[in-house]
>>> print(open('protein_22.csv').read())   # CSV, C-alpha atoms and all ligand atoms
chain,number,residue,atom,x,y,z
A,1,MET,CA,0.8,-34.6,90.5
A,2,PRO,CA,-0.8,-31.4,91.8
A,3,GLN,CA,-1.2,-29.8,88.4
A,4,VAL,CA,-3.5,-32.5,87.1
A,5,ASN,CA,-7.0,-31.1,86.5
A,6,THR,CA,-6.0,-27.5,86.9
A,7,ARG,CA,-7.8,-25.3,84.4
A,8,TRP,CA,-5.8,-23.0,82.2
A,9,ASP,CA,-7.1,-20.3,79.9
A,10,ILE,CA,-4.9,-19.0,77.1
A,11,PHE,CA,-6.0,-15.9,75.3
A,12,CYS,CA,-4.7,-15.1,71.8
A,13,THR,CA,-5.5,-12.2,69.6
A,14,VAL,CA,-4.2,-12.6,66.1
A,15,VAL,CA,-2.5,-9.3,65.4
A,16,ASP,CA,-1.2,-10.3,62.0
A,17,ASN,CA,0.6,-13.3,60.4
A,18,PHE,CA,0.8,-16.6,62.2
A,19,GLY,CA,3.1,-16.2,65.1
A,20,ASP,CA,0.5,-15.4,67.8
A,21,ILE,CA,-1.6,-18.4,67.0
A,22,GLY,CA,1.5,-20.5,66.2
A,23,VAL,CA,2.9,-20.0,69.7
A,24,THR,CA,-0.3,-20.3,71.7
A,25,TRP,CA,-1.5,-23.4,69.8
A,26,ARG,CA,1.8,-25.1,70.3
A,27,LEU,CA,1.8,-24.2,74.0
A,28,ALA,CA,-1.8,-25.3,74.6
A,29,ARG,CA,-1.2,-28.7,73.0
A,30,GLN,CA,2.0,-29.3,75.0
A,31,LEU,CA,0.3,-28.4,78.3
A,32,VAL,CA,-2.4,-30.9,77.6
A,33,ALA,CA,-0.1,-33.7,76.3
A,34,GLU,CA,2.7,-33.4,78.7
A,35,HIS,CA,1.2,-31.9,81.9
A,36,ALA,CA,-2.3,-33.2,81.9
A,37,VAL,CA,-3.9,-29.8,82.5
A,38,ASN,CA,-7.2,-28.7,81.0
A,39,VAL,CA,-6.7,-25.9,78.5
A,40,ARG,CA,-9.1,-23.6,76.8
A,41,LEU,CA,-7.6,-21.6,74.0
A,42,TRP,CA,-9.5,-18.4,73.2
A,43,VAL,CA,-8.7,-17.2,69.7
A,44,ASP,CA,-10.2,-14.2,68.0
A,45,ASP,CA,-9.4,-15.2,64.4
A,46,LEU,CA,-10.0,-18.9,63.6
A,47,ARG,CA,-9.2,-18.5,59.9
A,48,ALA,CA,-5.5,-17.8,60.7
A,49,PHE,CA,-5.6,-20.9,63.0
A,50,GLU,CA,-7.1,-23.0,60.2
A,51,LYS,CA,-4.0,-22.3,58.1
A,52,ILE,CA,-1.6,-24.0,60.5
A,53,CYS,CA,-4.2,-26.6,61.7
A,54,PRO,CA,-6.6,-27.6,58.9
A,55,GLN,CA,-8.8,-29.6,61.3
A,56,ILE,CA,-10.1,-26.4,62.8
A,57,ASP,CA,-13.6,-25.6,61.8
A,58,ALA,CA,-13.7,-21.8,61.7
A,59,SER,CA,-17.5,-21.7,61.9
A,60,LEU,CA,-17.6,-23.2,65.4
A,61,GLN,CA,-17.7,-21.3,68.6
A,62,GLN,CA,-16.3,-24.3,70.5
A,63,GLN,CA,-14.4,-27.4,69.4
A,64,THR,CA,-11.9,-29.8,70.8
A,65,GLN,CA,-8.6,-30.3,68.9
A,66,GLN,CA,-5.9,-32.6,70.2
A,67,GLY,CA,-7.3,-32.4,73.7
A,68,VAL,CA,-7.4,-28.6,73.7
A,69,GLU,CA,-10.8,-26.9,74.0
A,70,VAL,CA,-10.6,-24.3,71.3
A,71,ARG,CA,-13.0,-21.4,71.8
A,72,HIS,CA,-13.8,-18.6,69.4
A,73,TRP,CA,-13.2,-15.3,71.3
A,74,PRO,CA,-16.0,-13.2,70.0
A,75,SER,CA,-16.3,-9.4,70.4
A,76,GLU,CA,-19.4,-10.0,72.5
A,77,TRP,CA,-17.9,-12.0,75.5
A,78,PRO,CA,-20.0,-15.2,76.2
A,79,GLN,CA,-19.6,-15.3,80.0
A,80,ALA,CA,-17.2,-17.9,81.3
A,81,ASP,CA,-15.7,-18.8,84.6
A,82,SER,CA,-12.1,-17.9,85.2
A,83,ALA,CA,-9.5,-20.7,85.1
A,84,ASP,CA,-6.8,-21.4,87.7
A,85,VAL,CA,-4.1,-20.1,85.4
A,86,VAL,CA,-4.8,-17.3,82.9
A,87,ILE,CA,-2.3,-16.6,80.1
A,88,ALA,CA,-2.7,-13.4,78.1
A,89,ALA,CA,-0.4,-14.0,75.2
A,90,PHE,CA,1.6,-11.1,73.9
A,91,ALA,CA,-0.1,-8.5,76.2
A,92,CYS,CA,-3.5,-9.0,74.7
A,93,GLN,CA,-6.3,-7.3,76.6
A,94,LEU,CA,-8.7,-9.7,78.4
A,95,PRO,CA,-12.5,-9.1,78.3
A,96,GLY,CA,-13.6,-6.9,81.2
A,97,ALA,CA,-16.2,-9.5,82.3
A,98,TYR,CA,-13.6,-12.2,82.4
A,99,MET,CA,-11.3,-10.0,84.6
A,100,ASP,CA,-14.3,-9.5,86.9
A,101,ALA,CA,-14.7,-13.3,87.0
A,102,MET,CA,-11.0,-13.6,87.9
A,103,ALA,CA,-11.4,-11.1,90.8
A,104,ALA,CA,-14.6,-12.9,92.0
A,105,ARG,CA,-12.8,-16.2,92.8
A,106,ASP,CA,-12.1,-17.1,96.4
A,107,LYS,CA,-8.4,-17.5,95.4
A,108,PRO,CA,-7.4,-15.3,92.5
A,109,PRO,CA,-5.9,-17.1,89.5
A,110,LEU,CA,-2.3,-16.9,88.4
A,111,TRP,CA,-2.5,-14.3,85.7
A,112,LEU,CA,0.5,-14.2,83.4
A,113,ASN,CA,1.4,-12.0,80.5
A,114,LEU,CA,3.3,-14.3,78.1
A,115,ASP,CA,5.6,-11.9,76.3
A,116,TYR,CA,7.4,-11.9,72.9
A,117,LEU,CA,10.8,-13.7,72.7
A,118,SER,CA,13.9,-11.5,73.0
A,119,ALA,CA,17.5,-12.2,73.8
A,120,GLU,CA,18.0,-8.7,75.2
A,121,ASP,CA,19.7,-8.6,78.7
A,122,TRP,CA,16.8,-6.8,80.4
A,123,VAL,CA,14.5,-9.7,79.9
A,124,VAL,CA,16.2,-11.7,82.6
A,125,GLY,CA,15.6,-8.9,85.1
A,126,CYS,CA,11.9,-8.5,84.2
A,127,HIS,CA,10.9,-12.2,84.0
A,128,GLY,CA,8.5,-13.0,86.8
A,129,LEU,CA,8.1,-9.4,87.9
A,130,PRO,CA,4.6,-8.0,88.8
A,131,SER,CA,2.8,-6.1,86.1
A,132,VAL,CA,-0.5,-4.3,86.5
A,133,LYS,CA,-3.2,-5.3,89.1
A,134,TYR,CA,-6.9,-5.7,88.5
A,135,LYS,CA,-8.8,-5.5,91.9
A,136,SER,CA,-7.2,-8.3,93.9
A,137,VAL,CA,-5.6,-10.0,90.8
A,138,GLN,CA,-1.9,-9.4,90.1
A,139,LYS,CA,-0.6,-9.8,86.6
A,140,ILE,CA,2.9,-11.2,86.2
A,141,PHE,CA,5.4,-10.9,83.3
A,142,PHE,CA,6.5,-14.2,81.9
A,143,PHE,CA,9.3,-14.0,79.3
A,144,PRO,CA,10.4,-16.8,77.1
A,145,GLY,CA,14.2,-16.6,76.4
A,146,PHE,CA,17.5,-18.1,75.8
A,147,HIS,CA,18.9,-17.6,79.3
A,148,PRO,CA,18.4,-20.1,82.2
A,149,ASP,CA,16.7,-17.3,84.2
A,150,THR,CA,14.0,-16.8,81.7
A,151,GLY,CA,11.0,-19.0,80.8
A,152,GLY,CA,12.9,-20.8,78.1
A,153,LEU,CA,11.7,-21.8,74.6
A,154,LEU,CA,8.8,-24.0,73.5
A,155,ARG,CA,10.2,-27.5,73.0
A,156,GLU,CA,8.1,-30.6,73.1
A,157,HIS,CA,9.3,-33.7,74.9
A,158,GLY,CA,11.4,-35.9,72.7
A,159,LEU,CA,11.6,-33.3,69.9
A,160,LEU,CA,15.3,-33.5,69.4
A,161,GLU,CA,15.4,-37.3,69.4
A,162,ARG,CA,12.6,-37.3,66.7
A,163,ARG,CA,14.5,-34.7,64.7
A,164,GLN,CA,17.8,-36.7,65.0
A,165,THR,CA,16.1,-40.0,63.9
A,166,PHE,CA,14.5,-38.3,61.0
A,167,GLN,CA,17.7,-36.6,59.9
A,168,GLN,CA,19.5,-39.9,60.0
A,169,ASP,CA,16.9,-41.6,57.8
A,170,PRO,CA,17.2,-40.5,54.1
A,171,GLU,CA,14.3,-42.7,53.1
A,172,ALA,CA,11.9,-41.1,55.6
A,173,GLN,CA,13.0,-37.7,54.3
A,174,ARG,CA,12.5,-38.7,50.7
A,175,GLN,CA,9.1,-40.0,51.5
A,176,PHE,CA,8.1,-36.9,53.4
A,177,LEU,CA,9.3,-34.7,50.6
A,178,GLN,CA,7.6,-36.8,48.0
A,179,GLU,CA,4.3,-36.4,49.8
A,180,LEU,CA,4.6,-32.7,49.4
A,181,GLY,CA,5.5,-33.2,45.7
A,182,ILE,CA,9.2,-32.3,46.2
A,183,ASP,CA,11.7,-34.2,44.2
A,184,PRO,CA,15.0,-32.5,44.3
A,185,ALA,CA,17.7,-33.3,41.7
A,186,PRO,CA,20.4,-35.6,43.1
A,187,GLY,CA,23.2,-33.6,44.8
A,188,SER,CA,21.0,-30.5,45.3
A,189,GLN,CA,21.1,-28.5,48.5
A,190,LEU,CA,17.7,-27.9,50.0
A,191,ILE,CA,16.8,-24.4,51.3
A,192,SER,CA,13.5,-23.3,52.8
A,193,LEU,CA,12.5,-19.7,52.5
A,194,PHE,CA,9.8,-18.3,54.9
A,195,ALA,CA,10.3,-14.5,55.1
A,196,TYR,CA,8.6,-11.1,54.8
A,197,GLU,CA,8.9,-9.1,51.6
A,198,ASN,CA,12.6,-8.5,51.0
A,199,ALA,CA,14.4,-6.4,48.4
A,200,GLY,CA,17.6,-8.3,49.0
A,201,LEU,CA,16.1,-11.6,47.8
A,202,ALA,CA,17.0,-11.1,44.1
A,203,SER,CA,20.7,-10.9,44.9
A,204,TRP,CA,20.5,-14.2,46.7
A,205,LEU,CA,18.6,-15.9,43.9
A,206,ASP,CA,21.2,-14.6,41.4
A,207,VAL,CA,24.0,-16.2,43.3
A,208,LEU,CA,22.2,-19.5,43.9
A,209,ALA,CA,21.3,-19.7,40.2
A,210,ALA,CA,24.9,-19.1,39.2
A,211,ASP,CA,26.3,-21.6,41.7
A,212,ALA,CA,28.0,-24.8,40.7
A,213,THR,CA,26.0,-26.7,43.3
A,214,PRO,CA,22.3,-27.1,42.4
A,215,THR,CA,19.8,-25.6,44.9
A,216,HIS,CA,16.2,-26.6,45.4
A,217,LEU,CA,14.5,-23.6,47.1
A,218,LEU,CA,11.2,-24.3,48.9
A,219,VAL,CA,9.0,-21.3,49.4
A,220,PRO,CA,5.8,-21.7,51.4
A,221,GLU,CA,3.0,-19.5,50.2
A,222,GLY,CA,3.2,-16.1,51.8
A,223,ARG,CA,4.6,-12.6,51.8
A,224,ILE,CA,7.9,-13.1,50.0
A,225,LEU,CA,6.2,-14.7,46.9
A,226,GLY,CA,5.9,-11.3,45.2
A,227,ASP,CA,9.7,-10.9,45.3
A,228,VAL,CA,10.2,-14.4,44.1
A,229,ALA,CA,7.8,-13.9,41.2
A,230,ARG,CA,9.5,-10.7,40.2
A,231,TRP,CA,12.9,-12.4,40.0
A,232,LEU,CA,11.4,-15.2,38.0
A,233,GLY,CA,9.6,-12.8,35.7
A,234,ALA,CA,6.3,-14.7,36.5
A,235,ASP,CA,3.0,-12.9,36.7
A,236,SER,CA,2.1,-14.6,40.0
A,237,LEU,CA,3.0,-17.8,41.9
A,238,ALA,CA,0.8,-20.3,43.7
A,239,ALA,CA,1.4,-23.5,45.6
A,240,GLY,CA,2.7,-26.2,43.2
A,241,ALA,CA,4.6,-23.8,40.9
A,242,LEU,CA,8.1,-25.0,40.0
A,243,HIS,CA,10.5,-22.9,38.0
A,244,VAL,CA,14.1,-23.6,37.0
A,245,ARG,CA,16.8,-21.0,36.4
A,246,GLN,CA,20.3,-22.4,35.8
A,247,SER,CA,21.3,-24.2,39.0
A,248,LEU,CA,18.3,-23.0,40.9
A,249,SER,CA,14.9,-24.7,41.2
A,250,VAL,CA,12.2,-22.7,42.9
A,251,GLN,CA,9.2,-24.5,44.2
A,252,VAL,CA,6.2,-23.0,45.9
A,253,LEU,CA,4.6,-25.0,48.7
A,254,PRO,CA,1.2,-24.8,50.3
A,255,PHE,CA,1.1,-23.9,54.0
A,256,VAL,CA,1.5,-27.2,55.8
A,257,ARG,CA,0.7,-28.3,59.4
A,258,GLN,CA,3.1,-27.1,62.1
A,259,ASP,CA,4.5,-30.6,62.6
A,260,GLN,CA,5.1,-31.0,58.8
A,261,TYR,CA,6.8,-27.6,58.7
A,262,ASP,CA,9.1,-28.9,61.4
A,263,GLN,CA,10.0,-31.9,59.2
A,264,LEU,CA,10.5,-29.6,56.3
A,265,LEU,CA,13.0,-27.6,58.3
A,266,TRP,CA,14.7,-30.9,59.4
A,267,CYS,CA,15.1,-31.9,55.7
A,268,CYS,CA,16.7,-28.6,54.6
A,269,ASP,CA,20.4,-27.8,54.6
A,270,PHE,CA,19.6,-24.1,55.3
A,271,ASN,CA,16.5,-22.5,56.6
A,272,ALA,CA,15.4,-18.9,56.2
A,273,VAL,CA,12.8,-18.2,58.9
A,274,ARG,CA,11.0,-15.2,60.3
A,275,GLY,CA,9.0,-13.9,63.3
A,276,GLU,CA,9.2,-15.9,66.4
A,277,ASP,CA,7.9,-19.5,66.2
A,278,SER,CA,9.6,-20.6,62.9
A,279,PHE,CA,12.8,-18.9,64.2
A,280,VAL,CA,12.8,-21.2,67.3
A,281,ARG,CA,11.9,-24.2,65.2
A,282,ALA,CA,14.8,-23.6,62.9
A,283,GLN,CA,17.1,-23.7,66.0
A,284,TRP,CA,15.7,-27.1,67.0
A,285,ALA,CA,16.3,-28.2,63.3
A,286,ALA,CA,20.0,-27.7,64.1
A,287,ARG,CA,20.9,-26.5,60.6
A,288,PRO,CA,22.4,-23.1,59.6
A,289,MET,CA,19.7,-20.5,59.3
A,290,LEU,CA,18.9,-16.9,58.5
A,291,TRP,CA,16.3,-14.9,60.5
A,292,HIS,CA,14.0,-12.3,59.1
A,293,ILE,CA,12.9,-10.5,62.3
A,294,TYR,CA,9.4,-9.0,62.6
A,295,GLN,CA,9.8,-5.2,62.0
A,296,GLN,CA,8.8,-2.9,64.8
A,297,ASP,CA,8.4,0.9,65.1
A,298,GLU,CA,11.5,2.9,65.6
A,299,ASP,CA,13.6,-0.1,64.5
A,300,ILE,CA,13.6,-1.5,68.0
A,301,HIS,CA,13.6,-5.0,66.4
A,302,LEU,CA,17.3,-4.3,65.4
A,303,ASP,CA,18.3,-4.3,69.1
A,304,LYS,CA,16.6,-7.7,69.4
A,305,LEU,CA,18.4,-8.9,66.3
A,306,ASP,CA,21.8,-7.7,67.7
A,307,ALA,CA,21.1,-9.3,71.1
A,308,PHE,CA,20.4,-12.6,69.5
A,309,LEU,CA,23.4,-12.4,67.2
A,310,ASN,CA,25.6,-11.5,70.1
A,311,ILE,CA,24.8,-14.8,72.0
A,312,TYR,CA,24.4,-17.0,68.8
A,313,THR,CA,27.8,-16.1,67.3
A,314,LYS,CA,29.8,-16.4,70.6
A,315,GLY,CA,30.9,-20.0,69.9
A,316,LEU,CA,32.0,-19.2,66.3
A,317,SER,CA,35.4,-18.2,65.0
A,318,PRO,CA,35.7,-14.5,64.4
A,319,ALA,CA,35.6,-15.0,60.6
A,320,ALA,CA,32.4,-17.1,60.7
A,321,ALA,CA,30.8,-14.8,63.2
A,322,GLU,CA,31.5,-11.8,60.9
A,323,ALA,CA,30.0,-13.7,58.0
A,324,ILE,CA,26.8,-14.5,59.9
A,325,ASN,CA,26.6,-10.9,61.2
A,326,GLY,CA,27.0,-9.5,57.7
A,327,LEU,CA,24.4,-11.9,56.2
A,328,TRP,CA,21.7,-11.4,58.9
A,329,HIS,CA,22.2,-7.6,59.0
A,330,ALA,CA,22.0,-7.2,55.2
A,331,TRP,CA,18.9,-9.5,54.9
A,332,ASN,CA,17.1,-7.5,57.6
A,333,ALA,CA,18.0,-4.3,55.9
A,334,GLY,CA,16.7,-5.5,52.6
A,335,GLN,CA,20.2,-5.1,51.0
A,336,PRO,CA,21.9,-7.4,48.6
A,337,ILE,CA,23.2,-10.5,50.4
A,338,ASP,CA,25.2,-12.2,47.6
A,339,THR,CA,28.6,-11.5,48.9
A,340,HIS,CA,27.5,-12.2,52.5
A,341,TRP,CA,26.1,-15.5,51.4
A,342,LEU,CA,29.3,-16.5,49.7
A,343,ALA,CA,31.3,-15.4,52.8
A,344,ALA,CA,29.1,-17.6,54.9
A,345,ARG,CA,29.5,-20.6,52.5
A,346,GLU,CA,33.3,-20.4,53.2
A,347,HIS,CA,32.6,-21.5,56.8
A,348,TRP,CA,29.9,-24.1,56.1
A,349,PRO,CA,31.2,-27.1,58.1
A,350,GLU,CA,31.8,-24.8,61.1
A,351,LEU,CA,28.3,-23.3,60.8
A,352,GLN,CA,26.7,-26.7,60.6
A,353,LYS,CA,28.5,-27.9,63.7
A,354,HIS,CA,27.6,-24.7,65.5
A,355,ALA,CA,23.9,-25.1,64.7
A,356,GLU,CA,23.9,-28.5,66.3
A,357,GLN,CA,25.9,-27.3,69.3
A,358,TRP,CA,23.6,-24.3,69.8
A,359,CYS,CA,20.5,-26.6,69.6
A,360,LEU,CA,22.0,-28.9,72.3
A,361,GLU,CA,22.9,-26.0,74.5
A,362,GLN,CA,19.5,-24.5,74.3
A,363,ALA,CA,17.9,-27.8,75.1
A,364,LEU,CA,19.6,-27.9,78.5
A,365,GLN,CA,17.1,-25.2,79.6
A,366,ALA,CA,13.7,-26.2,80.9
A,367,ASP,CA,11.2,-25.8,78.1
A,368,LEU,CA,8.5,-23.0,78.3
A,369,ALA,CA,5.6,-25.2,79.1
A,370,ALA,CA,7.5,-27.0,81.9
A,371,ALA,CA,8.7,-23.6,83.2
A,372,LEU,CA,5.1,-22.3,83.3
A,373,VAL,CA,3.9,-25.4,85.2
A,374,SER,CA,6.7,-25.1,87.7
A,375,PHE,CA,6.1,-21.4,88.1
A,376,TYR,CA,2.4,-22.2,88.9
A,377,LEU,CA,3.4,-24.9,91.4
A,378,ASN,CA,5.7,-22.5,93.2
A,379,TRP,CA,3.1,-19.9,93.2
A,380,ILE,CA,0.2,-21.9,94.8
A,401,LIG,O1,3.9,-15.5,60.9
A,401,LIG,P1,5.0,-14.8,61.5
A,401,LIG,O2,5.6,-13.7,60.8
A,401,LIG,O3,4.5,-14.3,62.9
A,401,LIG,C1,4.8,-13.1,63.5
A,401,LIG,C2,5.8,-13.2,64.6
A,401,LIG,O4,5.4,-14.1,65.6
A,401,LIG,C3,6.0,-11.8,65.2
A,401,LIG,O5,6.8,-11.9,66.3
A,401,LIG,C4,4.6,-11.3,65.7
A,401,LIG,O6,4.8,-10.1,66.3
A,401,LIG,C5,3.7,-11.3,64.5
A,401,LIG,O7,3.6,-12.6,63.9
A,401,LIG,C6,2.4,-10.8,64.8
A,401,LIG,O8,6.2,-15.9,61.9
A,401,LIG,P2,6.2,-17.1,63.0
A,401,LIG,O9,6.3,-16.5,64.3
A,401,LIG,O10,7.3,-17.9,62.5
A,401,LIG,O11,4.9,-17.9,62.8
A,401,LIG,C7,4.6,-18.7,61.7
A,401,LIG,C8,3.9,-19.9,62.2
A,401,LIG,O12,3.3,-20.6,61.1
A,401,LIG,C9,4.7,-20.9,63.0
A,401,LIG,O13,4.0,-21.5,64.1
A,401,LIG,C10,5.0,-22.0,62.0
A,401,LIG,C11,3.8,-22.0,61.2
A,401,LIG,N1,3.8,-22.5,59.8
A,401,LIG,C12,3.1,-23.7,59.5
A,401,LIG,O14,2.5,-24.2,60.4
A,401,LIG,N2,3.2,-24.1,58.3
A,401,LIG,C13,3.9,-23.6,57.3
A,401,LIG,O15,3.9,-24.1,56.1
A,401,LIG,C14,4.7,-22.4,57.6
A,401,LIG,C15,5.5,-21.8,56.6
A,401,LIG,C16,4.6,-21.9,58.9
>>> encode(input="protein_22.csv", output="structure tokens")
Amino acid sequence: MPQVNTRWDIFCTVVDNFGDIGVTWRLARQLVAEHAVNVRLWVDDLRAFEKICPQIDASLQQQTQQGVEVRHWPSEWPQADSADVVIAAFACQLPGAYMDAMAARDKPPLWLNLDYLSAEDWVVGCHGLPSVKYKSVQKIFFFPGFHPDTGGLLREHGLLERRQTFQQDPEAQRQFLQELGIDPAPGSQLISLFAYENAGLASWLDVLAADATPTHLLVPEGRILGDVARWLGADSLAAGALHVRQSLSVQVLPFVRQDQYDQLLWCCDFNAVRGEDSFVRAQWAARPMLWHIYQQDEDIHLDKLDAFLNIYTKGLSPAAAEAINGLWHAWNAGQPIDTHWLAAREHWPELQKHAEQWCLEQALQADLAAALVSFYLNWI
């Protein structure tokens, strides 16, 4: 295979949160495991990395994790040869000396800007287009996406089969949950909640607490905990906390490894996710979901939200589509979602079937790592 032994450099600046490192770490591992390429992952903040991969030693400049050479990207650039393929994740600016090293090669590298995920129509037209040039080296836009003419979504080989096997095995799920200290009451629905601060949360918790069906809500440590604590009347919340209010049990979880987070999503009946990577993973979990999109200046994120809702709700009946639109819009506006939640519950079997269908449809596309490798092979 011609890609074997090619060298890839992936550059990641951690802007905030975990999405930047979450996406690049997942991609780096998959390129090594499934395409046998050599990957160096340059990361400017190893502490964020450590949260999603506890094996990382944040004090090291260089280490190998799961076959990926992880390099701390220091402010003082340590001189390094350019690789054959260079990926600047999310438009991060490469060190000047590294760009000179790219330009000094006999054959310039393939230089890609791996962009943020969006379902907007313009993405198809921009995927693969030239961006800026540095000396002889041309940068190219590479867009992940939901359309076959984009770079696709990150999806590891066999992921859906592993997910299906796990979801069909109640004992495996029980054991997994037990290892995390989760022991839901029989008959409870499981919901995971990974979101930014949200003023609409209280209305959702009110309705879950008053529901005849018990709910076990799993909340990984993070930005929404303040809102959860306020609703509970607790001073603060930390991993391990478990509070019960009527039908609702609220349990705070520690941040777990990426693969464990996947399993958590697979166990839950409903997943509230955010940003980019957890949003994609919830789609592979094939369960109804709620997306808290990352807020951007001038509300441009709302166009992205609508673009996704537009394609996601296409296969739904008008009433179920209206319920999902209402729920997602209210959540992203920080408004009460109680009535929207109840409206969505009216269509539960349809939403469950749709989540599975959507997952299978998206899995027909080439995955992002495979798309990158074939882009490179067509380019050389
Ligand atoms: O952390 P995020 O809000 O990241 C965001 C988005 O990517 C956004 O688009 C970007 O602009 C901004 O960062 C800078 O949400 P996201 O993308 O879901 O990333 C979270 C990562 O953390 C994901 O890889 C899953 C992982 N994770 C774990 O590994 N363990 C956990 O327990 C949890 C809750 C998440």
>>> residues_near_ligand(input="protein_22.csv", ligand="ligand LIG 401 (chain A)", cutoff="7 Å", atoms="all atoms listed in the file", output="PyMOL selection string")
chain A and resi 14-20+22-23+52+116+194+220+254-258+261+273-279+294
>>> closest_residue(input="protein_22.csv", among="A:Thr215, A:Gln93, A:Gln63, A:Gln167", to="Val132 in chain A", atoms="only C-alpha atoms")
A:Gln93
>>> closest_residue(input="protein_22.csv", among="A:Ile21, A:Leu372, A:Leu377, A:Ala355", to="Pro288 in chain A", atoms="all atoms listed in the file")
A:Ala355
>>> residues_around(input="protein_22.csv", residues="range 68-76 of chain A", least_positions_apart="5", cutoff="7 Å", atoms="all atoms listed in the file", output="list of chain:residue names")
A:Ala28, A:Arg29, A:Val32, A:Val39, A:Arg40, A:Leu41, A:Trp42, A:Val43, A:Asp44, A:Leu46, A:Gln61, A:Gln62, A:Gln63
>>> closest_residue(input="protein_22.csv", among="A:Cys126, A:Asp338, A:Asn113, A:Pro349", to="Ala209 in chain A", atoms="all atoms listed in the file")
A:Asp338
>>> residues_around(input="protein_22.csv", residues="Tyr134 in chain A", least_positions_apart="4", cutoff="12 Å", atoms="only C-alpha atoms", output="list of chain:residue names")
A:Leu94, A:Gly96, A:Ala97, A:Tyr98, A:Met99, A:Asp100, A:Ala101, A:Met102, A:Ala103, A:Ala104, A:Pro108, A:Pro109, A:Trp111, A:Pro130, A:Gln138, A:Lys139, A:Ile140
>>> atom_distance(input="protein_22.csv", atom1="CA of Ser59 in chain A", atom2="CA of Trp77 in chain A")
16.7 Å
>>> decode(input="protein_22.csv", residues="range 320-331 of chain A", atoms="N, CA, C and O atoms", output="mmCIF file, in the first residue's frame")
data_model
loop_
_atom_site.group_PDB
_atom_site.id
_atom_site.type_symbol
_atom_site.label_atom_id
_atom_site.label_comp_id
_atom_site.auth_asym_id
_atom_site.auth_seq_id
_atom_site.Cartn_x
_atom_site.Cartn_y
_atom_site.Cartn_z
ATOM 1 N N ALA A 320 -43.108 15.025 14.274
ATOM 2 C CA ALA A 320 -41.874 14.691 15.001
ATOM 3 C C ALA A 320 -40.774 15.703 14.656
ATOM 4 O O ALA A 320 -40.011 16.125 15.533
ATOM 5 N N ALA A 321 -40.728 16.105 13.385
ATOM 6 C CA ALA A 321 -39.730 17.106 12.980
ATOM 7 C C ALA A 321 -39.966 18.417 13.727
ATOM 8 O O ALA A 321 -39.024 19.055 14.204
ATOM 9 N N GLU A 322 -41.220 18.785 13.868
ATOM 10 C CA GLU A 322 -41.546 20.037 14.573
ATOM 11 C C GLU A 322 -41.120 19.942 16.040
ATOM 12 O O GLU A 322 -40.579 20.889 16.608
ATOM 13 N N ALA A 323 -41.345 18.776 16.631
ATOM 14 C CA ALA A 323 -40.972 18.587 18.046
ATOM 15 C C ALA A 323 -39.452 18.707 18.214
ATOM 16 O O ALA A 323 -38.968 19.369 19.140
ATOM 17 N N ILE A 324 -38.703 18.074 17.319
ATOM 18 C CA ILE A 324 -37.228 18.138 17.418
ATOM 19 C C ILE A 324 -36.736 19.559 17.158
ATOM 20 O O ILE A 324 -35.878 20.085 17.879
ATOM 21 N N ASN A 325 -37.292 20.207 16.146
ATOM 22 C CA ASN A 325 -36.905 21.596 15.876
ATOM 23 C C ASN A 325 -37.156 22.479 17.092
ATOM 24 O O ASN A 325 -36.300 23.284 17.470
ATOM 25 N N GLY A 326 -38.325 22.312 17.696
ATOM 26 C CA GLY A 326 -38.676 23.134 18.859
ATOM 27 C C GLY A 326 -37.733 22.877 20.024
ATOM 28 O O GLY A 326 -37.235 23.803 20.670
ATOM 29 N N LEU A 327 -37.461 21.602 20.265
ATOM 30 C CA LEU A 327 -36.602 21.224 21.394
ATOM 31 C C LEU A 327 -35.184 21.762 21.205
ATOM 32 O O LEU A 327 -34.599 22.388 22.106
ATOM 33 N N TRP A 328 -34.608 21.549 20.047
ATOM 34 C CA TRP A 328 -33.217 21.959 19.803
ATOM 35 C C TRP A 328 -33.077 23.488 19.797
ATOM 36 O O TRP A 328 -32.107 24.030 20.317
ATOM 37 N N HIS A 329 -34.075 24.169 19.203
ATOM 38 C CA HIS A 329 -33.986 25.635 19.173
ATOM 39 C C HIS A 329 -34.110 26.213 20.577
ATOM 40 O O HIS A 329 -33.359 27.114 20.954
ATOM 41 N N ALA A 330 -35.053 25.697 21.352
ATOM 42 C CA ALA A 330 -35.246 26.234 22.705
ATOM 43 C C ALA A 330 -33.988 25.989 23.551
ATOM 44 O O ALA A 330 -33.517 26.875 24.266
ATOM 45 N N TRP A 331 -33.419 24.790 23.450
ATOM 46 C CA TRP A 331 -32.215 24.431 24.225
ATOM 47 C C TRP A 331 -31.062 25.365 23.864
ATOM 48 O O TRP A 331 -30.349 25.853 24.733
#
